[in-house]
file structure10.cif (mmCIF, C-alpha atoms)
data_input
loop_
_atom_site.group_PDB
_atom_site.id
_atom_site.type_symbol
_atom_site.label_atom_id
_atom_site.label_comp_id
_atom_site.auth_asym_id
_atom_site.auth_seq_id
_atom_site.Cartn_x
_atom_site.Cartn_y
_atom_site.Cartn_z
ATOM 1 C CA MET A 1 0.672 -21.654 32.459
ATOM 2 C CA ASN A 2 -0.353 -18.888 30.074
ATOM 3 C CA PHE A 3 -2.927 -20.588 27.851
ATOM 4 C CA ASP A 4 -2.831 -17.883 25.158
ATOM 5 C CA ASN A 5 0.935 -18.394 24.926
ATOM 6 C CA ALA A 6 0.453 -22.148 24.676
ATOM 7 C CA ARG A 7 -2.064 -21.726 21.853
ATOM 8 C CA PHE A 8 0.090 -19.202 20.011
ATOM 9 C CA ILE A 9 3.290 -21.231 20.271
ATOM 10 C CA THR A 10 1.590 -24.429 19.154
ATOM 11 C CA ALA A 11 -0.142 -22.791 16.178
ATOM 12 C CA ASN A 12 2.968 -20.817 15.187
ATOM 13 C CA PHE A 13 5.703 -23.266 16.206
ATOM 14 C CA SER A 14 7.532 -23.262 12.884
ATOM 15 C CA GLY A 15 7.357 -19.485 12.486
ATOM 16 C CA LEU A 16 8.882 -18.929 15.925
ATOM 17 C CA GLN A 17 11.932 -21.087 15.179
ATOM 18 C CA GLY A 18 13.935 -17.920 14.658
ATOM 19 C CA TRP A 19 17.424 -19.283 14.061
ATOM 20 C CA LYS A 20 16.085 -20.916 10.882
ATOM 21 C CA THR A 21 15.593 -17.526 9.232
ATOM 22 C CA VAL A 22 18.786 -15.881 10.525
ATOM 23 C CA PRO A 23 20.730 -16.986 7.377
ATOM 24 C CA ALA A 24 17.958 -15.491 5.184
ATOM 25 C CA GLY A 25 18.177 -12.125 6.990
ATOM 26 C CA ALA A 26 21.974 -12.139 6.925
ATOM 27 C CA VAL A 27 22.073 -13.088 3.222
ATOM 28 C CA LEU A 28 19.554 -10.361 2.323
ATOM 29 C CA PHE A 29 21.578 -7.770 4.235
ATOM 30 C CA LEU A 30 24.898 -8.888 2.734
ATOM 31 C CA SER A 31 23.309 -9.099 -0.743
ATOM 32 C CA ALA A 32 22.225 -5.478 -0.430
ATOM 33 C CA LEU A 33 25.795 -4.471 0.464
ATOM 34 C CA TRP A 34 27.194 -6.635 -2.330
ATOM 35 C CA MET A 35 24.801 -5.223 -4.947
ATOM 36 C CA ASN A 36 25.661 -1.737 -3.742
ATOM 37 C CA ALA A 37 29.344 -2.446 -4.349
ATOM 38 C CA GLN A 38 28.778 -3.780 -7.886
ATOM 39 C CA THR A 39 29.437 -1.371 -10.710
ATOM 40 C CA GLY A 40 29.466 -1.847 -14.462
ATOM 41 C CA ARG A 41 27.220 -3.982 -16.620
ATOM 42 C CA THR A 42 28.525 -7.470 -15.804
ATOM 43 C CA ARG A 43 27.464 -9.018 -12.551
ATOM 44 C CA ASN A 44 28.909 -12.095 -10.905
ATOM 45 C CA LEU A 45 25.947 -14.242 -9.822
ATOM 46 C CA LEU A 46 28.031 -16.759 -7.873
ATOM 47 C CA PRO A 47 27.593 -14.996 -4.495
ATOM 48 C CA ILE A 48 23.788 -15.023 -5.025
ATOM 49 C CA VAL A 49 23.851 -18.786 -5.701
ATOM 50 C CA ILE A 50 26.080 -19.382 -2.668
ATOM 51 C CA GLY A 51 23.797 -17.187 -0.532
ATOM 52 C CA PHE A 52 20.719 -19.138 -1.629
ATOM 53 C CA GLY A 53 22.526 -22.408 -0.788
ATOM 54 C CA VAL A 54 23.431 -21.071 2.662
ATOM 55 C CA VAL A 55 19.801 -20.083 3.315
ATOM 56 C CA VAL A 56 18.432 -23.507 2.308
ATOM 57 C CA ALA A 57 21.147 -25.486 4.137
ATOM 58 C CA GLY A 58 20.795 -23.315 7.235
ATOM 59 C CA TYR A 59 17.028 -23.724 7.237
ATOM 60 C CA LEU A 60 17.262 -27.514 7.054
ATOM 61 C CA LEU A 61 20.109 -27.961 9.552
ATOM 62 C CA ILE A 62 18.690 -25.542 12.119
ATOM 63 C CA GLY A 63 15.254 -27.133 11.698
ATOM 64 C CA ARG A 64 16.832 -30.403 12.777
ATOM 65 C CA TYR A 65 18.171 -28.716 15.931
ATOM 66 C CA TYR A 66 14.693 -27.401 16.793
ATOM 67 C CA ARG A 67 13.064 -30.808 16.254
ATOM 68 C CA ARG A 68 15.555 -32.462 18.577
ATOM 69 C CA THR A 69 15.454 -29.751 21.228
ATOM 70 C CA TYR A 70 11.815 -28.666 21.278
ATOM 71 C CA GLY A 71 9.988 -31.522 19.572
ATOM 72 C CA ARG A 72 7.588 -31.589 16.649
ATOM 73 C CA VAL A 73 4.233 -29.993 15.942
ATOM 74 C CA GLU A 74 2.096 -30.769 12.893
ATOM 75 C CA PRO A 75 0.149 -27.600 12.089
ATOM 76 C CA ALA A 76 -3.596 -27.837 11.609
ATOM 77 C CA GLY A 77 -5.140 -27.359 8.194
ATOM 78 C CA ARG A 78 -1.952 -28.090 6.290
ATOM 79 C CA THR A 79 -1.015 -30.918 3.948
ATOM 80 C CA PRO A 80 2.243 -31.480 2.004
ATOM 81 C CA MET A 81 0.363 -30.621 -1.220
ATOM 82 C CA LYS A 82 -0.952 -27.358 0.235
ATOM 83 C CA ASP A 83 2.574 -26.495 1.452
ATOM 84 C CA VAL A 84 4.051 -27.049 -2.027
ATOM 85 C CA VAL A 85 1.334 -24.959 -3.709
ATOM 86 C CA PHE A 86 1.794 -22.186 -1.120
ATOM 87 C CA ALA A 87 5.613 -22.224 -1.512
ATOM 88 C CA VAL A 88 5.366 -22.061 -5.340
ATOM 89 C CA LEU A 89 2.859 -19.216 -5.088
ATOM 90 C CA ILE A 90 5.051 -17.246 -2.697
ATOM 91 C CA LEU A 91 8.128 -17.846 -4.886
ATOM 92 C CA ALA A 92 6.243 -16.602 -7.964
ATOM 93 C CA VAL A 93 5.070 -13.488 -6.124
ATOM 94 C CA VAL A 94 8.577 -12.767 -4.768
ATOM 95 C CA ILE A 95 10.189 -13.209 -8.205
ATOM 96 C CA GLY A 96 7.534 -10.974 -9.772
ATOM 97 C CA ALA A 97 8.026 -8.334 -7.072
ATOM 98 C CA LEU A 98 11.825 -8.480 -7.454
ATOM 99 C CA ARG A 99 11.479 -7.989 -11.214
ATOM 100 C CA LEU A 100 9.318 -4.919 -10.609
ATOM 101 C CA ASP A 101 11.922 -3.658 -8.105
ATOM 102 C CA ASP A 102 14.649 -4.271 -10.693
ATOM 103 C CA GLY A 103 12.717 -2.073 -13.131
ATOM 104 C CA THR A 104 12.343 0.581 -10.439
ATOM 105 C CA LEU A 105 16.060 0.350 -9.619
ATOM 106 C CA ARG A 106 17.095 0.808 -13.255
ATOM 107 C CA ALA A 107 14.737 3.764 -13.675
ATOM 108 C CA LEU A 108 15.940 5.446 -10.471
ATOM 109 C CA MET A 109 19.623 4.906 -11.290
ATOM 110 C CA ALA A 110 19.064 6.335 -14.770
ATOM 111 C CA GLY A 111 17.477 9.390 -13.179
ATOM 112 C CA LYS A 112 14.028 8.606 -14.630
ATOM 113 C CA ALA A 113 10.656 8.434 -12.871
ATOM 114 C CA ALA A 114 9.913 4.902 -11.686
ATOM 115 C CA GLN A 115 6.645 3.196 -12.644
ATOM 116 C CA PHE A 116 6.245 1.916 -9.069
ATOM 117 C CA PRO A 117 7.956 4.370 -6.713
ATOM 118 C CA VAL A 118 7.863 1.858 -3.843
ATOM 119 C CA SER A 119 9.651 -1.433 -3.205
ATOM 120 C CA MET A 120 7.065 -4.029 -4.253
ATOM 121 C CA TYR A 121 9.194 -6.779 -2.731
ATOM 122 C CA ALA A 122 9.230 -5.140 0.714
ATOM 123 C CA LEU A 123 5.542 -4.260 0.476
ATOM 124 C CA LEU A 124 4.463 -7.790 -0.439
ATOM 125 C CA PHE A 125 6.871 -9.524 1.908
ATOM 126 C CA GLY A 126 5.897 -7.342 4.874
ATOM 127 C CA SER A 127 2.193 -7.825 4.093
ATOM 128 C CA VAL A 128 2.596 -11.614 3.906
ATOM 129 C CA VAL A 129 4.429 -11.659 7.266
ATOM 130 C CA LEU A 130 1.751 -9.467 8.871
ATOM 131 C CA LEU A 131 -1.193 -11.434 7.435
ATOM 132 C CA ASP A 132 0.444 -14.714 8.437
ATOM 133 C CA TYR A 133 0.849 -13.403 11.989
ATOM 134 C CA ILE A 134 -2.798 -12.307 12.207
ATOM 135 C CA ARG A 135 -4.002 -15.577 10.636
ATOM 136 C CA ASN A 136 -1.989 -17.640 13.121
ATOM 137 C CA CYS A 137 -3.369 -15.636 16.058
ATOM 138 C CA ARG A 138 -6.928 -16.122 14.791
ATOM 139 C CA ARG A 139 -6.406 -19.814 14.093
ATOM 140 C CA ALA A 140 -5.057 -20.323 17.592
ATOM 141 C CA GLY A 141 -7.984 -18.420 19.101
ATOM 142 C CA VAL A 142 -5.612 -15.810 20.548
ATOM 143 C CA LYS A 143 -7.540 -12.584 21.095
ATOM 144 C CA ASN A 144 -4.535 -10.461 22.060
ATOM 145 C CA LEU A 145 -2.748 -9.644 18.782
ATOM 146 C CA GLY A 146 0.050 -8.054 20.775
ATOM 147 C CA ILE A 147 1.130 -11.397 22.215
ATOM 148 C CA PHE A 148 4.335 -11.318 20.137
ATOM 149 C CA PRO A 149 5.059 -7.601 19.581
ATOM 150 C CA ALA A 150 8.186 -8.276 17.507
ATOM 151 C CA GLY A 151 5.939 -10.073 14.992
ATOM 152 C CA TRP A 152 3.849 -7.099 13.946
ATOM 153 C CA ALA A 153 6.620 -4.570 14.659
ATOM 154 C CA CYS A 154 9.013 -6.200 12.168
ATOM 155 C CA ALA A 155 6.262 -6.773 9.603
ATOM 156 C CA GLY A 156 5.192 -3.130 9.987
ATOM 157 C CA GLY A 157 8.818 -2.008 9.679
ATOM 158 C CA ILE A 158 9.269 -3.963 6.436
ATOM 159 C CA ILE A 159 6.043 -2.485 5.002
ATOM 160 C CA LEU A 160 7.152 1.034 5.964
ATOM 161 C CA SER A 161 10.585 0.472 4.405
ATOM 162 C CA ALA A 162 8.809 -0.188 1.082
ATOM 163 C CA PHE A 163 7.896 3.486 0.927
ATOM 164 C CA LEU A 164 11.457 4.814 1.425
ATOM 165 C CA PRO A 165 11.909 5.342 -2.360
ATOM 166 C CA LEU A 166 9.291 8.104 -2.087
ATOM 167 C CA LEU A 167 11.907 10.117 -0.146
ATOM 168 C CA GLY A 168 14.313 9.940 -3.074
ATOM 169 C CA ASP A 169 17.965 8.872 -2.985
ATOM 170 C CA GLY A 170 19.012 11.495 -0.431
ATOM 171 C CA PRO A 171 18.790 9.414 2.776
ATOM 172 C CA ALA A 172 20.378 6.415 1.027
ATOM 173 C CA ALA A 173 23.264 8.496 -0.276
ATOM 174 C CA LEU A 174 23.935 9.784 3.230
ATOM 175 C CA LEU A 175 24.453 6.172 4.332
ATOM 176 C CA GLY A 176 26.639 5.356 1.332
ATOM 177 C CA PHE A 177 24.037 3.478 -0.759
ATOM 178 C CA ARG A 178 24.016 4.060 -4.513
ATOM 179 C CA SER A 179 20.256 3.500 -4.623
ATOM 180 C CA VAL A 180 17.485 3.756 -2.076
ATOM 181 C CA LEU A 181 16.375 0.209 -2.997
ATOM 182 C CA PHE A 182 19.681 -1.203 -1.731
ATOM 183 C CA LEU A 183 18.984 0.600 1.534
ATOM 184 C CA VAL A 184 15.488 -0.957 1.634
ATOM 185 C CA PHE A 185 16.945 -4.457 1.181
ATOM 186 C CA ALA A 186 19.580 -3.820 3.869
ATOM 187 C CA ILE A 187 16.932 -2.587 6.328
ATOM 188 C CA ASP A 188 14.700 -5.583 5.551
ATOM 189 C CA GLY A 189 17.642 -7.938 6.149
ATOM 190 C CA ILE A 190 18.212 -6.352 9.565
ATOM 191 C CA LEU A 191 14.485 -6.523 10.393
ATOM 192 C CA ILE A 192 14.376 -10.228 9.453
ATOM 193 C CA LEU A 193 17.393 -10.793 11.717
ATOM 194 C CA LEU A 194 15.662 -8.992 14.589
ATOM 195 C CA TYR A 195 12.407 -10.888 13.969
ATOM 196 C CA SER A 196 14.331 -14.166 13.939
ATOM 197 C CA MET A 197 16.111 -13.475 17.195
ATOM 198 C CA ALA A 198 12.917 -12.278 18.887
ATOM 199 C CA GLY A 199 11.080 -15.398 17.689
ATOM 200 C CA HIS A 200 13.740 -17.696 19.085
ATOM 201 C CA ARG A 201 13.837 -15.809 22.377
ATOM 202 C CA PHE A 202 10.046 -16.030 22.725
ATOM 203 C CA LEU A 203 10.075 -19.741 21.941
ATOM 204 C CA ALA A 204 13.050 -20.543 24.164
ATOM 205 C CA ARG A 205 11.606 -18.650 27.119
ATOM 206 C CA SER A 206 8.173 -20.213 26.735
ATOM 207 C CA LEU A 207 9.574 -23.725 26.294
ATOM 208 C CA SER A 208 12.331 -23.223 28.813
ATOM 209 C CA GLY A 209 12.085 -26.803 29.991
ATOM 210 C CA ALA A 210 11.735 -25.766 33.614
ATOM 211 C CA LEU A 211 10.629 -29.282 34.328
ATOM 212 C CA GLU A 212 8.899 -30.171 37.536
ATOM 213 C CA ALA A 213 11.589 -32.760 38.160
ATOM 214 C CA GLU A 214 14.119 -29.912 38.278
ATOM 215 C CA ARG A 215 11.857 -27.709 40.379
ATOM 216 C CA GLY A 216 11.110 -30.583 42.702
ATOM 217 C CA GLN A 217 7.386 -29.921 42.800
ATOM 218 C CA PRO A 218 4.443 -31.125 40.754
ATOM 219 C CA VAL A 219 2.732 -28.767 38.283
ATOM 220 C CA MET B 1 -28.711 -15.783 37.998
ATOM 221 C CA ASP B 2 -27.176 -18.763 39.831
ATOM 222 C CA ASN B 3 -24.077 -18.298 41.878
ATOM 223 C CA PRO B 4 -21.343 -18.826 39.239
ATOM 224 C CA PHE B 5 -19.036 -20.338 41.825
ATOM 225 C CA GLU B 6 -21.478 -23.198 42.324
ATOM 226 C CA GLU B 7 -21.318 -23.907 38.603
ATOM 227 C CA LEU B 8 -17.580 -24.414 38.857
ATOM 228 C CA ALA B 9 -18.276 -27.707 40.591
ATOM 229 C CA GLY B 10 -20.059 -28.886 37.467
ATOM 230 C CA LEU B 11 -16.965 -28.611 35.268
ATOM 231 C CA ASP B 12 -15.532 -31.828 33.864
ATOM 232 C CA ARG B 13 -12.606 -32.570 36.149
ATOM 233 C CA LEU B 14 -10.934 -34.804 33.617
ATOM 234 C CA ILE B 15 -10.414 -31.732 31.412
ATOM 235 C CA HIS B 16 -10.271 -29.052 34.087
ATOM 236 C CA GLU B 17 -7.136 -30.405 35.778
ATOM 237 C CA PRO B 18 -4.486 -27.722 34.843
ATOM 238 C CA ALA B 19 -1.946 -30.018 33.200
ATOM 239 C CA ARG B 20 -4.565 -31.867 31.147
ATOM 240 C CA LEU B 21 -6.244 -28.588 30.181
ATOM 241 C CA ALA B 22 -2.861 -27.288 28.982
ATOM 242 C CA ILE B 23 -2.244 -30.464 26.964
ATOM 243 C CA LEU B 24 -5.689 -30.383 25.341
ATOM 244 C CA THR B 25 -5.549 -26.624 24.683
ATOM 245 C CA ALA B 26 -2.200 -26.979 22.916
ATOM 246 C CA LEU B 27 -3.318 -30.018 20.928
ATOM 247 C CA ALA B 28 -6.496 -28.221 19.845
ATOM 248 C CA SER B 29 -4.291 -25.566 18.195
ATOM 249 C CA CYS B 30 -2.582 -28.048 15.888
ATOM 250 C CA LYS B 31 -3.077 -31.335 14.095
ATOM 251 C CA ALA B 32 -0.674 -33.284 16.334
ATOM 252 C CA ALA B 33 2.376 -32.787 18.533
ATOM 253 C CA ASP B 34 5.001 -35.084 19.968
ATOM 254 C CA PHE B 35 5.773 -35.957 23.564
ATOM 255 C CA LEU B 36 8.894 -33.778 23.744
ATOM 256 C CA PHE B 37 7.012 -30.659 22.648
ATOM 257 C CA LEU B 38 4.253 -31.202 25.211
ATOM 258 C CA GLN B 39 6.845 -31.845 27.895
ATOM 259 C CA ARG B 40 8.623 -28.595 27.047
ATOM 260 C CA LEU B 41 5.361 -26.682 26.896
ATOM 261 C CA THR B 42 3.828 -27.931 30.127
ATOM 262 C CA GLY B 43 7.017 -28.328 32.153
ATOM 263 C CA LEU B 44 5.824 -31.721 33.405
ATOM 264 C CA SER B 45 8.175 -34.603 34.114
ATOM 265 C CA GLY B 46 8.090 -37.470 31.626
ATOM 266 C CA GLY B 47 6.276 -39.805 34.011
ATOM 267 C CA ASN B 48 3.637 -37.262 34.987
ATOM 268 C CA LEU B 49 2.983 -36.221 31.384
ATOM 269 C CA SER B 50 2.726 -39.853 30.351
ATOM 270 C CA SER B 51 0.176 -40.473 33.102
ATOM 271 C CA HIS B 52 -1.964 -37.488 32.037
ATOM 272 C CA ILE B 53 -1.838 -38.514 28.374
ATOM 273 C CA SER B 54 -2.862 -42.071 29.293
ATOM 274 C CA LYS B 55 -5.926 -40.738 31.119
ATOM 275 C CA LEU B 56 -6.877 -38.599 28.129
ATOM 276 C CA GLU B 57 -6.335 -41.541 25.790
ATOM 277 C CA GLU B 58 -8.495 -43.831 27.919
ATOM 278 C CA SER B 59 -11.282 -41.246 27.723
ATOM 279 C CA GLY B 60 -11.001 -41.074 23.936
ATOM 280 C CA LEU B 61 -9.948 -37.408 23.962
ATOM 281 C CA VAL B 62 -6.550 -38.019 22.341
ATOM 282 C CA ARG B 63 -4.934 -40.686 20.163
ATOM 283 C CA VAL B 64 -1.377 -41.814 20.825
ATOM 284 C CA GLU B 65 0.868 -43.290 18.177
ATOM 285 C CA LYS B 66 4.338 -44.690 18.815
ATOM 286 C CA GLN B 67 6.596 -44.393 15.796
ATOM 287 C CA PHE B 68 10.216 -44.085 14.704
ATOM 288 C CA VAL B 69 11.366 -40.770 13.235
ATOM 289 C CA ASP B 70 14.964 -40.536 11.972
ATOM 290 C CA LYS B 71 15.590 -43.927 13.634
ATOM 291 C CA ARG B 72 14.547 -42.519 17.007
ATOM 292 C CA PRO B 73 11.439 -43.497 18.951
ATOM 293 C CA ASN B 74 8.807 -40.791 18.869
ATOM 294 C CA THR B 75 5.393 -40.520 20.514
ATOM 295 C CA ARG B 76 2.865 -38.586 18.448
ATOM 296 C CA ILE B 77 -0.258 -37.318 20.211
ATOM 297 C CA GLU B 78 -3.300 -36.180 18.262
ATOM 298 C CA ILE B 79 -6.491 -34.756 19.693
ATOM 299 C CA SER B 80 -9.656 -36.590 18.659
ATOM 300 C CA GLU B 81 -12.726 -34.828 17.294
ATOM 301 C CA ARG B 82 -14.407 -35.541 20.617
ATOM 302 C CA GLY B 83 -11.466 -34.032 22.481
ATOM 303 C CA ARG B 84 -11.486 -30.951 20.259
ATOM 304 C CA LYS B 85 -15.193 -30.380 20.923
ATOM 305 C CA ALA B 86 -14.779 -31.069 24.645
ATOM 306 C CA VAL B 87 -11.969 -28.569 25.146
ATOM 307 C CA ARG B 88 -13.766 -25.935 23.033
ATOM 308 C CA GLU B 89 -16.898 -26.392 25.146
ATOM 309 C CA HIS B 90 -14.833 -26.293 28.334
ATOM 310 C CA TRP B 91 -13.263 -22.953 27.395
ATOM 311 C CA ARG B 92 -16.688 -21.613 26.433
ATOM 312 C CA LYS B 93 -17.969 -22.535 29.906
ATOM 313 C CA LEU B 94 -14.919 -20.979 31.587
ATOM 314 C CA ASP B 95 -15.337 -17.749 29.632
ATOM 315 C CA HIS B 96 -19.033 -17.724 30.521
ATOM 316 C CA LEU B 97 -18.281 -18.301 34.207
ATOM 317 C CA SER B 98 -15.615 -15.626 34.146
ATOM 318 C CA ASN B 99 -18.116 -13.120 32.725
ATOM 319 C CA GLN B 100 -20.757 -14.185 35.243
ATOM 320 C CA ALA B 101 -18.309 -13.843 38.113
ATOM 321 C CA LYS B 102 -17.513 -10.293 37.063
ATOM 322 C CA GLU B 103 -21.208 -9.372 37.136
ATOM 323 C CA TRP B 104 -22.114 -11.439 40.168
ATOM 324 C CA LYS B 105 -23.129 -9.684 43.377
ATOM 325 C CA GLU B 106 -23.680 -11.585 46.526
ATOM 326 C CA LYS B 107 -27.371 -11.668 47.351
ATOM 327 C CA ASP B 108 -28.586 -10.174 50.591
ATOM 328 C CA PRO B 109 -29.192 -13.098 53.042
ATOM 329 C CA GLU B 110 -32.530 -11.525 54.020
#
call {"tool": "encode", "arguments": {"input": "structure10.cif", "output": "structure tokens"}}
result
Amino acid sequence: MNFDNARFITANFSGLQGWKTVPAGAVLFLSALWMNAQTGRTRNLLPIVIGFGVVVAGYLLIGRYYRRTYGRVEPAGRTPMKDVVFAVLILAVVIGALRLDDGTLRALMAGKAAQFPVSMYALLFGSVVLLDYIRNCRRAGVKNLGIFPAGWACAGGIILSAFLPLLGDGPAALLGFRSVLFLVFAIDGILILLYSMAGHRFLARSLSGALEAERGQPV
Amino acid sequence: MDNPFEELAGLDRLIHEPARLAILTALASCKAADFLFLQRLTGLSGGNLSSHISKLEESGLVRVEKQFVDKRPNTRIEISERGRKAVREHWRKLDHLSNQAKEWKEKDPE
């Protein structure tokens, strides 16, 4: 029994349920490709609404699978009210950051200098993921921050991707993206997918259910 | 400095038993967890885990609540304040002993 693992998994049980965030990563990636393909002034918002529905439905349905397979953990220091306030706060920050990114996108596509030459969405999102990881390690009393390398690697990757607009549209154009911000969103979608899969793998391996009854010996 | 290995004998065996230490350590990292999670985490059989939890409950280190969730029976286990303090103190002692053991040199018999 690795006690640091036990502490980390228990304190971060919800965050390690990777399949729950696979739809979010896939939708972000596909949204980036879809936005890249859109031209003209009118935009069809139906795919965005459908994507949001898929993310919410996936989160709820896959959460049910995790509860039935791996059980339930009530995190410490959280109440339903705190969760609602936190979710509203995060939503407000994300919407604000996306609006700033939209302004940056319009400026870049019009060939003007952007007010914020970085992706605020990627910067904030990556920072939240990284801070949440560090906070969970601290709360669990885990001294080794490298216990789940994919955690800080993906968060670091998302933060770094925020600075891609500083390189201009050149690298994005090479990959067929009309704007570097679409490339940032696509990369972030892939990183969320990788983070999700790594989280599930870590959880599944740690809670492998290698029960003593199956091993035929007491623990 | 005393021989740290002699101090090991003074550890609370109720908590120090590996399975119970794992249960208490996990529960101290959250508000509560259910039986299935602890079973997955510790790898214990249902009967063995139940027996360990009963011992911890009898000692007032955890509270057990039987409930129905989604029309299914569910056993919720919560660490008590006493249990939280006990496991924190136990880990403090283990860390202390570990540090002592690193520094310890066997005294010359003469």
call {"tool": "residues_near_point", "arguments": {"input": "structure10.cif", "point": "(7.4, -36.1, 17.4)", "cutoff": "10 Å", "atoms": "only C-alpha atoms", "output": "list in words"}}
result
Arg67, Arg68, Tyr70, Gly71, Arg72, Val73 and Glu74 of chain A; Ala32, Ala33, Asp34, Phe35, Leu36, Phe37, Leu38, Glu65, Lys66, Gln67, Phe68, Val69, Arg72, Pro73, Asn74, Thr75, Arg76 and Ile77 of chain B
call {"tool": "interface_residues", "arguments": {"input": "structure10.cif", "of": "chain B", "to": "chain A", "cutoff": "9 Å", "atoms": "all atoms listed in the file", "output": "compact mmCIF listing (two decimals) with C-alpha atoms, in the coordinates of the input"}}
result
# COMPACT_ATOMS: atom_id res chain seq x y z
CA PRO B 18 -4.49 -27.72 34.84
CA ALA B 19 -1.95 -30.02 33.20
CA LEU B 21 -6.24 -28.59 30.18
CA ALA B 22 -2.86 -27.29 28.98
CA THR B 25 -5.55 -26.62 24.68
CA ALA B 26 -2.20 -26.98 22.92
CA LEU B 27 -3.32 -30.02 20.93
CA ALA B 28 -6.50 -28.22 19.84
CA SER B 29 -4.29 -25.57 18.20
CA CYS B 30 -2.58 -28.05 15.89
CA LYS B 31 -3.08 -31.34 14.10
CA ALA B 32 -0.67 -33.28 16.33
CA ALA B 33 2.38 -32.79 18.53
CA ASP B 34 5.00 -35.08 19.97
CA PHE B 35 5.77 -35.96 23.56
CA LEU B 36 8.89 -33.78 23.74
CA PHE B 37 7.01 -30.66 22.65
CA LEU B 38 4.25 -31.20 25.21
CA GLN B 39 6.84 -31.84 27.90
CA ARG B 40 8.62 -28.60 27.05
CA LEU B 41 5.36 -26.68 26.90
CA THR B 42 3.83 -27.93 30.13
CA GLY B 43 7.02 -28.33 32.15
CA LEU B 44 5.82 -31.72 33.40
CA SER B 45 8.18 -34.60 34.11
CA GLY B 46 8.09 -37.47 31.63
CA ASN B 48 3.64 -37.26 34.99
CA ARG B 76 2.86 -38.59 18.45
call {"tool": "residues_around", "arguments": {"input": "structure10.cif", "residues": "Leu46 in chain A", "least_positions_apart": "4", "cutoff": "12 Å", "atoms": "all atoms listed in the file", "output": "list in words"}}
result
Ser31, Trp34, Ile50, Gly51, Phe52 and Gly53 of chain A
call {"tool": "resolve_selection", "arguments": {"input": "structure10.cif", "expression": "the PyMOL selection byres ((chain A and resi 32) around 10)", "output": "list in words"}}
result
Ala26, Val27, Leu28, Phe29, Leu30, Ser31, Leu33, Trp34, Met35, Asn36, Ala37, Phe177, Leu181, Phe182, Leu183, Val184, Phe185, Ala186, Ile187, Asp188 and Gly189 of chain A
call {"tool": "residues_around", "arguments": {"input": "structure10.cif", "residues": "Ala107 in chain A", "least_positions_apart": "3", "cutoff": "12 Å", "atoms": "all atoms listed in the file", "output": "ChimeraX atom specification"}}
result
/A:100-104,110-117,165,179-181
call {"tool": "resolve_selection", "arguments": {"input": "structure10.cif", "expression": "the PyMOL selection byres ((chain B and resi 14) around 12)", "output": "PyMOL selection string"}}
result
chain B and resi 10-13+15-24+52-61+83+86-87+90
call {"tool": "atom_distance", "arguments": {"input": "structure10.cif", "atom1": "CA of Phe125 in chain A", "atom2": "CA of Arg178 in chain A"}}
result
22.8 Å
call {"tool": "residues_around", "arguments": {"input": "structure10.cif", "residues": "Leu131 in chain A", "least_positions_apart": "4", "cutoff": "12 Å", "atoms": "all atoms listed in the file", "output": "list of chain:residue names"}}
result
A:Leu124, A:Phe125, A:Gly126, A:Ser127, A:Arg135, A:Asn136, A:Cys137, A:Arg138, A:Arg139, A:Leu145, A:Gly151, A:Trp152, A:Ala155, A:Gly156, A:Ile159
call {"tool": "write_last_selection", "arguments": {"input": "structure10.cif", "atoms": "C-alpha atoms", "output": "CSV table (one decimal), in the coordinates of the input"}}
result
chain,number,residue,atom,x,y,z
A,124,LEU,CA,4.5,-7.8,-0.4
A,125,PHE,CA,6.9,-9.5,1.9
A,126,GLY,CA,5.9,-7.3,4.9
A,127,SER,CA,2.2,-7.8,4.1
A,135,ARG,CA,-4.0,-15.6,10.6
A,136,ASN,CA,-2.0,-17.6,13.1
A,137,CYS,CA,-3.4,-15.6,16.1
A,138,ARG,CA,-6.9,-16.1,14.8
A,139,ARG,CA,-6.4,-19.8,14.1
A,145,LEU,CA,-2.7,-9.6,18.8
A,151,GLY,CA,5.9,-10.1,15.0
A,152,TRP,CA,3.8,-7.1,13.9
A,155,ALA,CA,6.3,-6.8,9.6
A,156,GLY,CA,5.2,-3.1,10.0
A,159,ILE,CA,6.0,-2.5,5.0
call {"tool": "axis_aligned_box", "arguments": {"input": "structure10.cif", "around": "range 124-127 of chain A", "padding_each_side": "6 Å", "output": "AutoDock Vina command-line options"}}
result
--center_x 4.5 --center_y -8.4 --center_z 2.2 --size_x 16.7 --size_y 14.2 --size_z 17.3
call {"tool": "atom_distance", "arguments": {"input": "structure10.cif", "atom1": "CA of Thr39 in chain A", "atom2": "CA of Leu123 in chain A"}}
result
26.5 Å
call {"tool": "residues_around", "arguments": {"input": "structure10.cif", "residues": "Leu194 in chain A", "least_positions_apart": "2", "cutoff": "9 Å", "atoms": "only C-alpha atoms", "output": "VMD selection string"}}
result
chain A and resid 22 25 150 154 189 to 192 196 to 199
call {"tool": "closest_residue", "arguments": {"input": "structure10.cif", "among": "A:Leu166, A:Val56, A:Ile158, A:Val93", "to": "Val118 in chain A", "atoms": "only C-alpha atoms"}}
result
A:Leu166
call {"tool": "atom_distance", "arguments": {"input": "structure10.cif", "atom1": "CA of Asn144 in chain A", "atom2": "CA of Arg201 in chain A"}}
result
19.1 Å
call {"tool": "closest_residue", "arguments": {"input": "structure10.cif", "among": "B:Lys102, B:Glu6, B:Ser51, B:Ile79", "to": "Arg63 in chain B", "atoms": "all atoms listed in the file"}}
result
B:Ile79
